[in-house]
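Engineer: Contents of upload24.json (JSON, C-alpha atoms and all ligand atoms) are given next:
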```json
[["chain", "number", "residue", "atom", "x", "y", "z"],
["G", 949, "MET", "CA", -11.73, 14.04, -8.70],
["G", 950, "PRO", "CA", -8.04, 14.85, -8.02],
["G", 951, "SER", "CA", -6.21, 16.46, -10.93],
["G", 952, "SER", "CA", -2.66, 15.78, -9.70],
["G", 953, "TYR", "CA", -1.61, 12.56, -7.99],
["G", 954, "ILE", "CA", 1.63, 11.48, -6.42],
["G", 955, "ILE", "CA", 2.24, 7.80, -5.76],
["G", 956, "ILE", "CA", 4.77, 7.20, -3.00],
["G", 957, "GLY", "CA", 6.53, 3.91, -3.79],
["G", 958, "GLY", "CA", 5.02, 4.28, -7.26],
["G", 959, "ASN", "CA", 7.68, 2.20, -9.01],
["G", 960, "GLY", "CA", 6.72, -0.92, -7.07],
["G", 961, "PHE", "CA", 4.38, -3.74, -8.08],
["G", 962, "LEU", "CA", 1.20, -2.10, -6.79],
["G", 963, "GLY", "CA", 2.38, 1.46, -7.48],
["G", 964, "ARG", "CA", 2.74, 0.82, -11.20],
["G", 965, "HIS", "CA", -0.81, -0.51, -11.35],
["G", 966, "VAL", "CA", -2.04, 2.57, -9.48],
["G", 967, "GLN", "CA", -0.47, 4.65, -12.28],
["G", 968, "GLU", "CA", -2.42, 2.58, -14.81],
["G", 969, "GLN", "CA", -5.71, 2.94, -12.93],
["G", 970, "ILE", "CA", -5.32, 6.71, -12.73],
["G", 971, "ARG", "CA", -4.82, 6.78, -16.50],
["G", 972, "LEU", "CA", -7.92, 4.62, -17.02],
["G", 973, "ARG", "CA", -10.06, 6.78, -14.72],
["G", 974, "ASN", "CA", -9.02, 10.19, -15.95],
["G", 975, "ASP", "CA", -6.73, 11.01, -18.83],
["G", 976, "ASN", "CA", -6.30, 14.58, -17.66],
["G", 977, "SER", "CA", -4.80, 13.87, -14.24],
["G", 978, "THR", "CA", -1.07, 14.33, -13.84],
["G", 979, "ILE", "CA", 0.93, 11.53, -12.24],
["G", 980, "ALA", "CA", 4.09, 11.94, -10.18],
["G", 981, "VAL", "CA", 6.00, 9.06, -8.60],
["G", 982, "PHE", "CA", 8.18, 9.36, -5.52],
["G", 983, "ASP", "CA", 10.41, 6.35, -5.00],
["G", 984, "ILE", "CA", 13.82, 5.50, -3.66],
["G", 985, "ALA", "CA", 14.91, 4.36, -7.14],
["G", 986, "MET", "CA", 14.11, 5.14, -10.77],
["G", 987, "PRO", "CA", 12.23, 2.45, -12.71],
["G", 988, "ALA", "CA", 13.99, 0.37, -15.34],
["G", 989, "GLN", "CA", 11.46, 1.55, -17.94],
["G", 990, "PRO", "CA", 10.18, 5.06, -17.23],
["G", 991, "GLU", "CA", 6.74, 6.09, -18.49],
["G", 992, "LYS", "CA", 6.52, 9.21, -20.65],
["G", 993, "ASP", "CA", 3.58, 10.72, -18.76],
["G", 994, "VAL", "CA", 5.04, 10.35, -15.25],
["G", 995, "LYS", "CA", 7.15, 12.87, -13.35],
["G", 996, "TYR", "CA", 9.72, 10.88, -11.37],
["G", 997, "ILE", "CA", 11.12, 12.12, -8.08],
["G", 998, "VAL", "CA", 13.83, 10.05, -6.44],
["G", 999, "GLY", "CA", 13.88, 10.33, -2.66],
["G", 1000, "ASP", "CA", 13.63, 8.51, 0.62],
["G", 1001, "LEU", "CA", 10.41, 8.90, 2.55],
["G", 1002, "ARG", "CA", 12.40, 8.67, 5.77],
["G", 1003, "LYS", "CA", 13.77, 12.13, 4.88],
["G", 1004, "TYR", "CA", 11.19, 14.79, 5.56],
["G", 1005, "GLU", "CA", 12.77, 17.32, 3.20],
["G", 1006, "ASP", "CA", 12.62, 14.83, 0.30],
["G", 1007, "VAL", "CA", 8.93, 14.22, 0.91],
["G", 1008, "LEU", "CA", 8.05, 17.88, 1.39],
["G", 1009, "ALA", "CA", 9.76, 18.92, -1.86],
["G", 1010, "ALA", "CA", 7.97, 16.17, -3.79],
["G", 1011, "LEU", "CA", 4.49, 17.33, -2.82],
["G", 1012, "ASP", "CA", 4.48, 20.68, -4.62],
["G", 1013, "GLY", "CA", 1.31, 21.10, -6.69],
["G", 1014, "ILE", "CA", -0.22, 17.78, -5.62],
["G", 1015, "ASP", "CA", -3.96, 17.19, -4.87],
["G", 1016, "ALA", "CA", -3.89, 13.55, -3.77],
["G", 1017, "VAL", "CA", -1.25, 11.30, -2.24],
["G", 1018, "ILE", "CA", -1.40, 7.52, -2.61],
["G", 1019, "HIS", "CA", 1.21, 5.91, -0.37],
["G", 1020, "THR", "CA", 2.10, 2.33, -1.33],
["G", 1021, "ALA", "CA", 5.73, 2.21, -0.16],
["G", 1022, "SER", "CA", 6.95, -0.42, 2.28],
["G", 1023, "PRO", "CA", 9.90, -2.74, 2.63],
["G", 1024, "PRO", "CA", 8.99, -6.23, 1.44],
["G", 1025, "HIS", "CA", 7.50, -8.67, 3.92],
["G", 1026, "VAL", "CA", 10.20, -11.24, 4.64],
["G", 1027, "ASN", "CA", 9.72, -14.46, 6.52],
["G", 1028, "SER", "CA", 12.69, -14.52, 8.83],
["G", 1029, "SER", "CA", 13.55, -15.45, 12.38],
["G", 1030, "ASN", "CA", 15.37, -12.11, 12.53],
["G", 1031, "PRO", "CA", 13.06, -9.61, 10.75],
["G", 1032, "PRO", "CA", 14.35, -6.06, 10.04],
["G", 1033, "ARG", "CA", 12.31, -4.34, 12.75],
["G", 1034, "ASP", "CA", 14.06, -0.97, 12.53],
["G", 1035, "LEU", "CA", 13.68, -0.88, 8.76],
["G", 1036, "TYR", "CA", 9.96, -1.70, 8.95],
["G", 1037, "PHE", "CA", 9.26, 0.92, 11.61],
["G", 1038, "SER", "CA", 11.46, 3.64, 10.10],
["G", 1039, "ILE", "CA", 9.69, 3.38, 6.71],
["G", 1040, "ASN", "CA", 6.17, 2.25, 7.60],
["G", 1041, "VAL", "CA", 5.71, 4.39, 10.70],
["G", 1042, "ASP", "CA", 8.24, 7.26, 10.74],
["G", 1043, "GLY", "CA", 8.16, 7.61, 6.94],
["G", 1044, "THR", "CA", 4.37, 7.67, 6.95],
["G", 1045, "LYS", "CA", 4.43, 10.37, 9.65],
["G", 1046, "ASN", "CA", 6.65, 12.42, 7.30],
["G", 1047, "ILE", "CA", 4.06, 12.09, 4.55],
["G", 1048, "ILE", "CA", 1.21, 13.17, 6.85],
["G", 1049, "ARG", "CA", 3.17, 16.16, 8.12],
["G", 1050, "ALA", "CA", 4.18, 17.20, 4.60],
["G", 1051, "CYS", "CA", 0.56, 16.90, 3.38],
["G", 1052, "GLN", "CA", -0.54, 19.12, 6.25],
["G", 1053, "GLU", "CA", 2.20, 21.66, 5.54],
["G", 1054, "LYS", "CA", 1.30, 21.79, 1.82],
["G", 1055, "GLY", "CA", -2.45, 21.87, 2.46],
["G", 1056, "ILE", "CA", -3.02, 18.53, 0.67],
["G", 1057, "GLN", "CA", -6.35, 17.09, 1.75],
["G", 1058, "VAL", "CA", -6.36, 13.55, 0.33],
["G", 1059, "LEU", "CA", -4.16, 10.71, 1.58],
["G", 1060, "VAL", "CA", -4.76, 7.02, 0.81],
["G", 1061, "VAL", "CA", -2.36, 4.52, 2.39],
["G", 1062, "THR", "CA", -1.83, 0.83, 1.63],
["G", 1063, "SER", "CA", -2.19, -1.21, 4.77],
["G", 1064, "SER", "CA", -2.49, -5.00, 4.87],
["G", 1065, "GLY", "CA", -5.20, -7.54, 5.62],
["G", 1066, "SER", "CA", -2.79, -9.01, 8.13],
["G", 1067, "VAL", "CA", -3.40, -6.12, 10.55],
["G", 1068, "ILE", "CA", -6.51, -7.87, 11.85],
["G", 1069, "SER", "CA", -5.15, -11.40, 11.55],
["G", 1070, "THR", "CA", -5.18, -13.40, 14.75],
["G", 1071, "GLY", "CA", -3.35, -16.36, 13.23],
["G", 1072, "GLU", "CA", -6.57, -18.36, 13.63],
["G", 1073, "PRO", "CA", -9.06, -19.03, 10.81],
["G", 1074, "MET", "CA", -11.02, -15.87, 9.97],
["G", 1075, "VAL", "CA", -14.16, -16.18, 7.84],
["G", 1076, "ASN", "CA", -16.38, -13.31, 6.64],
["G", 1077, "VAL", "CA", -14.66, -10.77, 8.87],
["G", 1078, "ASP", "CA", -15.39, -7.12, 8.30],
["G", 1079, "GLU", "CA", -13.81, -3.86, 9.41],
["G", 1080, "SER", "CA", -15.35, -4.13, 12.87],
["G", 1081, "ALA", "CA", -12.73, -6.80, 13.69],
["G", 1082, "PRO", "CA", -10.25, -5.28, 16.17],
["G", 1083, "TYR", "CA", -6.47, -5.35, 15.94],
["G", 1084, "PRO", "CA", -5.35, -8.52, 17.75],
["G", 1085, "PRO", "CA", -3.49, -8.07, 21.06],
["G", 1086, "GLN", "CA", -0.42, -9.57, 19.43],
["G", 1087, "ALA", "CA", 0.42, -8.91, 15.75],
["G", 1088, "ILE", "CA", 1.27, -12.04, 13.76],
["G", 1089, "ASP", "CA", 4.77, -10.73, 12.95],
["G", 1090, "VAL", "CA", 6.99, -7.65, 13.09],
["G", 1091, "TYR", "CA", 6.07, -6.46, 9.59],
["G", 1092, "THR", "CA", 2.40, -6.54, 10.60],
["G", 1093, "GLU", "CA", 3.18, -4.76, 13.86],
["G", 1094, "SER", "CA", 4.62, -1.89, 11.81],
["G", 1095, "LYS", "CA", 1.62, -1.92, 9.45],
["G", 1096, "ILE", "CA", -0.79, -1.72, 12.43],
["G", 1097, "GLU", "CA", 1.15, 1.22, 13.83],
["G", 1098, "CYS", "CA", 1.18, 2.85, 10.38],
["G", 1099, "GLU", "CA", -2.57, 2.44, 10.07],
["G", 1100, "LYS", "CA", -3.22, 3.90, 13.52],
["G", 1101, "VAL", "CA", -1.10, 6.95, 12.68],
["G", 1102, "VAL", "CA", -2.87, 7.48, 9.35],
["G", 1103, "LEU", "CA", -6.39, 7.15, 10.74],
["G", 1104, "ALA", "CA", -5.62, 9.34, 13.74],
["G", 1105, "ALA", "CA", -4.46, 12.09, 11.37],
["G", 1106, "ASN", "CA", -7.86, 12.24, 9.64],
["G", 1107, "GLY", "CA", -9.48, 15.63, 10.09],
["G", 1108, "ILE", "CA", -6.36, 17.27, 11.51],
["G", 1109, "GLU", "CA", -5.26, 20.37, 9.61],
["G", 1110, "GLY", "CA", -7.68, 19.63, 6.79],
["G", 1111, "ILE", "CA", -6.39, 16.19, 5.79],
["G", 1112, "ARG", "CA", -8.74, 13.30, 4.96],
["G", 1113, "THR", "CA", -7.23, 9.84, 5.18],
["G", 1114, "CYS", "CA", -8.12, 6.22, 4.70],
["G", 1115, "THR", "CA", -6.31, 2.89, 4.48],
["G", 1116, "ILE", "CA", -6.77, -0.06, 2.14],
["G", 1117, "ARG", "CA", -6.14, -3.58, 3.42],
["G", 1118, "PRO", "CA", -5.37, -6.13, 0.71],
["G", 1119, "SER", "CA", -4.29, -9.63, 1.54],
["G", 1120, "ALA", "CA", -1.93, -11.38, -0.87],
["G", 1121, "ILE", "CA", -1.74, -9.51, -4.18],
["G", 1122, "PHE", "CA", -1.22, -11.27, -7.50],
["G", 1123, "GLY", "CA", -0.89, -10.16, -11.10],
["G", 1124, "PRO", "CA", 1.57, -8.81, -13.67],
["G", 1125, "GLY", "CA", 4.76, -7.46, -12.14],
["G", 1126, "ASP", "CA", 4.49, -9.47, -8.88],
["G", 1127, "ARG", "CA", 7.91, -9.82, -7.25],
["G", 1128, "GLN", "CA", 6.90, -11.65, -4.07],
["G", 1129, "LEU", "CA", 4.00, -14.07, -4.26],
["G", 1130, "ILE", "CA", 4.59, -16.18, -7.38],
["G", 1131, "PRO", "CA", 8.41, -15.82, -7.28],
["G", 1132, "GLY", "CA", 8.21, -17.02, -3.64],
["G", 1133, "MET", "CA", 6.15, -20.06, -4.66],
["G", 1134, "VAL", "CA", 8.59, -20.85, -7.47],
["G", 1135, "GLU", "CA", 11.48, -20.63, -5.00],
["G", 1136, "VAL", "CA", 9.71, -23.08, -2.67],
["G", 1137, "CYS", "CA", 9.38, -25.53, -5.57],
["G", 1138, "GLN", "CA", 12.98, -25.00, -6.65],
["G", 1139, "LYS", "CA", 14.16, -25.79, -3.11],
["G", 1140, "GLY", "CA", 12.06, -28.96, -3.08],
["G", 1141, "GLN", "CA", 10.02, -27.65, -0.13],
["G", 1142, "HIS", "CA", 6.73, -28.33, -1.95],
["G", 1143, "ARG", "CA", 6.93, -31.96, -0.86],
["G", 1144, "PHE", "CA", 5.88, -30.97, 2.65],
["G", 1145, "GLN", "CA", 2.27, -30.15, 3.46],
["G", 1146, "ILE", "CA", 1.20, -28.31, 6.56],
["G", 1147, "GLY", "CA", -2.47, -28.85, 7.42],
["G", 1148, "ASP", "CA", -5.13, -30.93, 5.68],
["G", 1149, "ASN", "CA", -5.19, -28.98, 2.41],
["G", 1150, "THR", "CA", -8.49, -27.25, 3.17],
["G", 1151, "SER", "CA", -7.01, -23.91, 4.27],
["G", 1152, "MET", "CA", -8.10, -20.91, 2.28],
["G", 1153, "MET", "CA", -6.30, -17.65, 1.66],
["G", 1154, "ASP", "CA", -7.41, -14.40, 0.17],
["G", 1155, "PHE", "CA", -5.67, -13.38, -3.05],
["G", 1156, "THR", "CA", -6.59, -10.15, -4.76],
["G", 1157, "TYR", "CA", -5.79, -9.13, -8.33],
["G", 1158, "VAL", "CA", -3.40, -6.18, -8.36],
["G", 1159, "GLY", "CA", -5.54, -4.17, -10.78],
["G", 1160, "ASN", "CA", -8.44, -4.36, -8.31],
["G", 1161, "VAL", "CA", -6.21, -3.29, -5.43],
["G", 1162, "ALA", "CA", -4.96, -0.33, -7.47],
["G", 1163, "TYR", "CA", -8.51, 0.56, -8.53],
["G", 1164, "ALA", "CA", -9.58, 0.63, -4.87],
["G", 1165, "HIS", "CA", -6.83, 3.14, -4.08],
["G", 1166, "VAL", "CA", -7.89, 5.46, -6.91],
["G", 1167, "LEU", "CA", -11.58, 5.20, -5.99],
["G", 1168, "ALA", "CA", -10.67, 5.98, -2.38],
["G", 1169, "ALA", "CA", -8.74, 9.08, -3.47],
["G", 1170, "GLU", "CA", -11.73, 10.22, -5.54],
["G", 1171, "LYS", "CA", -14.10, 9.68, -2.62],
["G", 1172, "LEU", "CA", -11.83, 11.54, -0.21],
["G", 1173, "SER", "CA", -11.90, 14.54, -2.55],
["G", 1174, "ASP", "CA", -15.37, 15.19, -1.16],
["G", 1175, "PRO", "CA", -14.94, 17.10, 2.13],
["G", 1176, "ASN", "CA", -17.96, 15.21, 3.55],
["G", 1177, "SER", "CA", -16.84, 11.78, 2.44],
["G", 1178, "PRO", "CA", -17.84, 8.96, 4.79],
["G", 1179, "ALA", "CA", -14.65, 7.17, 3.66],
["G", 1180, "ALA", "CA", -12.54, 9.65, 5.65],
["G", 1181, "GLY", "CA", -10.90, 8.10, 8.69],
["G", 1182, "GLN", "CA", -11.85, 4.55, 7.64],
["G", 1183, "ALA", "CA", -9.88, 1.36, 6.99],
["G", 1184, "PHE", "CA", -11.19, -0.87, 4.20],
["G", 1185, "ASN", "CA", -10.69, -4.62, 3.96],
["G", 1186, "LEU", "CA", -10.15, -5.56, 0.34],
["G", 1187, "THR", "CA", -10.92, -8.84, -1.32],
["G", 1188, "ASN", "CA", -11.21, -9.98, -4.91],
["G", 1189, "GLY", "CA", -13.95, -9.13, -7.40],
["G", 1190, "THR", "CA", -14.04, -9.23, -11.17],
["G", 1191, "PRO", "CA", -10.63, -8.13, -12.51],
["G", 1192, "VAL", "CA", -10.61, -4.74, -14.19],
["G", 1193, "PRO", "CA", -9.11, -4.41, -17.69],
["G", 1194, "PHE", "CA", -5.35, -3.98, -17.72],
["C", 1, "LIG", "P1", 7.02, -3.29, -3.79],
["C", 1, "LIG", "O1", 8.24, -3.66, -3.02],
["C", 1, "LIG", "O2", 6.88, -3.84, -5.17],
["C", 1, "LIG", "O3", 6.90, -1.70, -3.88],
["C", 1, "LIG", "C1", 7.25, -0.85, -2.83],
["C", 1, "LIG", "C2", 7.92, 0.38, -3.41],
["C", 1, "LIG", "O4", 8.26, 1.24, -2.32],
["C", 1, "LIG", "C3", 9.23, 0.06, -4.17],
["C", 1, "LIG", "O5", 9.21, 0.64, -5.46],
["C", 1, "LIG", "C4", 10.30, 0.67, -3.28],
["C", 1, "LIG", "O6", 11.43, 1.17, -4.00],
["C", 1, "LIG", "C5", 9.53, 1.80, -2.59],
["C", 1, "LIG", "N1", 10.16, 2.20, -1.33],
["C", 1, "LIG", "C6", 10.55, 1.38, -0.32],
["C", 1, "LIG", "N2", 11.14, 2.08, 0.64],
["C", 1, "LIG", "C7", 11.10, 3.39, 0.26],
["C", 1, "LIG", "C8", 11.55, 4.59, 0.84],
["C", 1, "LIG", "N3", 12.18, 4.61, 2.02],
["C", 1, "LIG", "N4", 11.35, 5.76, 0.18],
["C", 1, "LIG", "C9", 10.73, 5.75, -1.04],
["C", 1, "LIG", "N5", 10.29, 4.63, -1.64],
["C", 1, "LIG", "C10", 10.47, 3.45, -1.00],
["C", 1, "LIG", "O7", 5.77, -3.69, -2.88],
["C", 1, "LIG", "P2", 4.26, -3.97, -3.33],
["C", 1, "LIG", "O8", 4.07, -5.44, -3.39],
["C", 1, "LIG", "O9", 3.90, -3.11, -4.48],
["C", 1, "LIG", "O10", 3.47, -3.47, -2.02],
["C", 1, "LIG", "C11", 2.84, -2.21, -2.00],
["C", 1, "LIG", "C12", 2.12, -2.02, -0.69],
["C", 1, "LIG", "O11", 1.14, -3.06, -0.54],
["C", 1, "LIG", "C13", 3.01, -2.09, 0.55],
["C", 1, "LIG", "O12", 2.57, -1.12, 1.47],
["C", 1, "LIG", "C14", 2.75, -3.48, 1.10],
["C", 1, "LIG", "O13", 2.96, -3.52, 2.50],
["C", 1, "LIG", "C15", 1.30, -3.65, 0.75],
["C", 1, "LIG", "N6", 0.87, -5.05, 0.61],
["C", 1, "LIG", "C16", 1.43, -5.84, -0.34],
["C", 1, "LIG", "C17", 0.99, -7.16, -0.49],
["C", 1, "LIG", "C18", 1.56, -8.05, -1.56],
["C", 1, "LIG", "O14", 1.14, -9.23, -1.64],
["C", 1, "LIG", "N7", 2.47, -7.57, -2.41],
["C", 1, "LIG", "C19", -0.03, -7.65, 0.36],
["C", 1, "LIG", "C20", -0.59, -6.80, 1.33],
["C", 1, "LIG", "C21", -0.14, -5.49, 1.44]]
```
Kindly present the structure from the file in structure tokens form.
Ligand code: NAD

Structural biologist:
Amino acid sequence: MPSSYIIIGGNGFLGRHVQEQIRLRNDNSTIAVFDIAMPAQPEKDVKYIVGDLRKYEDVLAALDGIDAVIHTASPPHVNSSNPPRDLYFSINVDGTKNIIRACQEKGIQVLVVTSSGSVISTGEPMVNVDESAPYPPQAIDVYTESKIECEKVVLAANGIEGIRTCTIRPSAIFGPGDRQLIPGMVEVCQKGQHRFQIGDNTSMMDFTYVGNVAYAHVLAAEKLSDPNSPAAGQAFNLTNGTPVPF
């Protein structure tokens, strides 16, 4: 079990729940958070490091004394006809490469990265898919294109210079602290757009409770602590189960 964690993007919605899950799993582990901004309400037991993961020196300095890195940072997914491609790629791909390189330089062996269920989405109905589903020839949007590239980089790094990696693929995440899903639905209602229905109302979507998503990240980090872990080099689709206490 890791004794010192750093959560990259740890002040975000998911990142704050990862903090909580680490506390629930093991009271003795230390928690550091690397994020581009300080939180409004800092926690007493967290060491905060403000930095930009696009800057290698920031990342390298943050990883001193760390056993396990959980990387949840990403720009938000925006629905736009003009998506911020450079921003997505500079953070999700180049920033992730910085984290991998810094882990290798510091001899850190455990890296868990948040991917997205959308990386295998074809845009067509997908029922009971598992991790054998390939990346589609065409990503459903630019954000997803950057997440696919991120995932490829992370999985390809597994086993190189002692690092063990895996990715976690949640679909839509809900729960306390959500800044995208429910606020987005409220905005749709406020704009009166809820009067339009696309489809026949039988479509289904996967929503996963944030505590479960966070729990999966911490379990993955624990598993990767074993040098022979079969989780190393794997991507894991994540769907909902029974919510964990929060
Ligand atoms: P969030 O926006 O709440 O948190 C992301 C955090 O990353 C923020 O605190 C932000 O400040 C930080 N960050 C962004 N750019 C940074 C940079 N350059 N350097 C350092 N920190 C930076 O997002 P979230 O909803 O918690 O999402 C977490 C992860 O889960 C992301 O990788 C996202 O792609 C993935 N994901 C989210 C959902 C969802 O429904 N929220 C669904 C699938 C996958």

Engineer: Could you please extract the residues within 6 Å of ligand LIG 1 (chain C), counting only C-alpha atoms and all ligand atoms, and hand them back as number ranges by chain?

Structural biologist: G: 957-963, 983-985, 999-1002, 1020-1024, 1039, 1062-1064, 1118-1121

Engineer: Using all atoms listed in the file, which of G:Ile997, G:Gly1125, G:Arg964, G:Pro1031 sits nearest Ala1162 in chain G?

Structural biologist: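 Among G:Ile997, G:Gly1125, G:Arg964, G:Pro1031, it is G:Arg964 that comes nearest to Ala1162 in chain G.
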
Engineer: What's the separation between CA of Asp1015 in chain G and CA of Gly1110 in chain G, in Å to one decimal place?

Structural biologist: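 Separating CA of Asp1015 in chain G from CA of Gly1110 in chain G is a distance of 12.5 Å.
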
Engineer: Please report the interatomic distance between CA of Ile1068 in chain G and CA of Ala1081 in chain G in Å with one decimal.

Structural biologist: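 CA of Ile1068 in chain G sits 6.6 Å away from CA of Ala1081 in chain G.
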
Engineer: Identify which of the residues G:Gln969, G:Thr1113, G:Ser1069, G:Asn1188 lies closest to Ile1056 in chain G, counting only C-alpha atoms when measuring atom-to-atom distances.

Structural biologist: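 Looking at the shortest contact to Ile1056 in chain G, the residue is G:Thr1113.
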
Engineer: To one decimal in Å, tell me the separation between CA of Ile1111 in chain G and CA of Glu1097 in chain G.

Structural biologist: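 Interatomic distance here is 18.6 Å.
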
Engineer: Would you be able to write out as number ranges by chain which residues have an atom within 9 Å of (-8.4, 8.7, 9.9) in the file's coordinates, counting only C-alpha atoms?

Structural biologist: G: 1099-1108, 1111-1115, 1179-1183

Engineer: Write out the residues from the selection above, keeping C-alpha atoms, as a PDB file, in the coordinates of the input.

Structural biologist:
```pdb
ATOM      1  CA  GLU G1099      -2.570   2.440  10.070  1.00  0.00           C
ATOM      2  CA  LYS G1100      -3.220   3.900  13.520  1.00  0.00           C
ATOM      3  CA  VAL G1101      -1.100   6.950  12.680  1.00  0.00           C
ATOM      4  CA  VAL G1102      -2.870   7.480   9.350  1.00  0.00           C
ATOM      5  CA  LEU G1103      -6.390   7.150  10.740  1.00  0.00           C
ATOM      6  CA  ALA G1104      -5.620   9.340  13.740  1.00  0.00           C
ATOM      7  CA  ALA G1105      -4.460  12.090  11.370  1.00  0.00           C
ATOM      8  CA  ASN G1106      -7.860  12.240   9.640  1.00  0.00           C
ATOM      9  CA  GLY G1107      -9.480  15.630  10.090  1.00  0.00           C
ATOM     10  CA  ILE G1108      -6.360  17.270  11.510  1.00  0.00           C
ATOM     11  CA  ILE G1111      -6.390  16.190   5.790  1.00  0.00           C
ATOM     12  CA  ARG G1112      -8.740  13.300   4.960  1.00  0.00           C
ATOM     13  CA  THR G1113      -7.230   9.840   5.180  1.00  0.00           C
ATOM     14  CA  CYS G1114      -8.120   6.220   4.700  1.00  0.00           C
ATOM     15  CA  THR G1115      -6.310   2.890   4.480  1.00  0.00           C
ATOM     16  CA  ALA G1179     -14.650   7.170   3.660  1.00  0.00           C
ATOM     17  CA  ALA G1180     -12.540   9.650   5.650  1.00  0.00           C
ATOM     18  CA  GLY G1181     -10.900   8.100   8.690  1.00  0.00           C
ATOM     19  CA  GLN G1182     -11.850   4.550   7.640  1.00  0.00           C
ATOM     20  CA  ALA G1183      -9.880   1.360   6.990  1.00  0.00           C
TER      21      ALA G1183
END
```

Engineer: Measuring between all atoms listed in the file, which one of G:Ile1088, G:Asp1078, G:Glu1109, G:Lys1003 shows the shortest distance to Ser1038 in chain G?

Structural biologist: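 Once distances to Ser1038 in chain G are computed over all atoms listed in the file, the minimum belongs to G:Lys1003.
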
Engineer: Which residue out of G:Pro1082, G:Ile1146, G:Gly1140, G:Gly1043 has the minimum interatomic distance to Cys1098 in chain G when only C-alpha atoms are used?

Structural biologist: G:Gly1043

Engineer: Which of these, G:Asp1126, G:Asp1154, G:Asp1006, G:Asp1034, has the shortest distance to Gly1065 in chain G once you count only C-alpha atoms?

Structural biologist: G:Asp1154

Engineer: Tell me which protein, DNA and RNA residues are within 10 Å of range 965-968 of chain G, counting all atoms listed in the file, leaving out same-chain ones fewer than 4 positions away, and put them as an mmCIF file with C-alpha atoms, in the coordinates of the input.

Structural biologist:
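And here is the file that came out, result_1.cif:
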```cif
data_model
loop_
_atom_site.group_PDB
_atom_site.id
_atom_site.type_symbol
_atom_site.label_atom_id
_atom_site.label_comp_id
_atom_site.auth_asym_id
_atom_site.auth_seq_id
_atom_site.Cartn_x
_atom_site.Cartn_y
_atom_site.Cartn_z
ATOM 1 C CA TYR G 953 -1.610 12.560 -7.990
ATOM 2 C CA ILE G 954 1.630 11.480 -6.420
ATOM 3 C CA ILE G 955 2.240 7.800 -5.760
ATOM 4 C CA GLY G 958 5.020 4.280 -7.260
ATOM 5 C CA ASN G 959 7.680 2.200 -9.010
ATOM 6 C CA GLY G 960 6.720 -0.920 -7.070
ATOM 7 C CA PHE G 961 4.380 -3.740 -8.080
ATOM 8 C CA LEU G 972 -7.920 4.620 -17.020
ATOM 9 C CA ARG G 973 -10.060 6.780 -14.720
ATOM 10 C CA THR G 978 -1.070 14.330 -13.840
ATOM 11 C CA ILE G 979 0.930 11.530 -12.240
ATOM 12 C CA ALA G 980 4.090 11.940 -10.180
ATOM 13 C CA VAL G 981 6.000 9.060 -8.600
ATOM 14 C CA GLU G 991 6.740 6.090 -18.490
ATOM 15 C CA ASP G 993 3.580 10.720 -18.760
ATOM 16 C CA VAL G 994 5.040 10.350 -15.250
ATOM 17 C CA ILE G 1018 -1.400 7.520 -2.610
ATOM 18 C CA THR G 1020 2.100 2.330 -1.330
ATOM 19 C CA GLY G 1123 -0.890 -10.160 -11.100
ATOM 20 C CA PRO G 1124 1.570 -8.810 -13.670
ATOM 21 C CA GLY G 1125 4.760 -7.460 -12.140
ATOM 22 C CA VAL G 1158 -3.400 -6.180 -8.360
ATOM 23 C CA GLY G 1159 -5.540 -4.170 -10.780
ATOM 24 C CA ASN G 1160 -8.440 -4.360 -8.310
ATOM 25 C CA VAL G 1161 -6.210 -3.290 -5.430
ATOM 26 C CA ALA G 1162 -4.960 -0.330 -7.470
ATOM 27 C CA TYR G 1163 -8.510 0.560 -8.530
ATOM 28 C CA ALA G 1164 -9.580 0.630 -4.870
ATOM 29 C CA HIS G 1165 -6.830 3.140 -4.080
ATOM 30 C CA VAL G 1166 -7.890 5.460 -6.910
ATOM 31 C CA PHE G 1194 -5.350 -3.980 -17.720
#
```
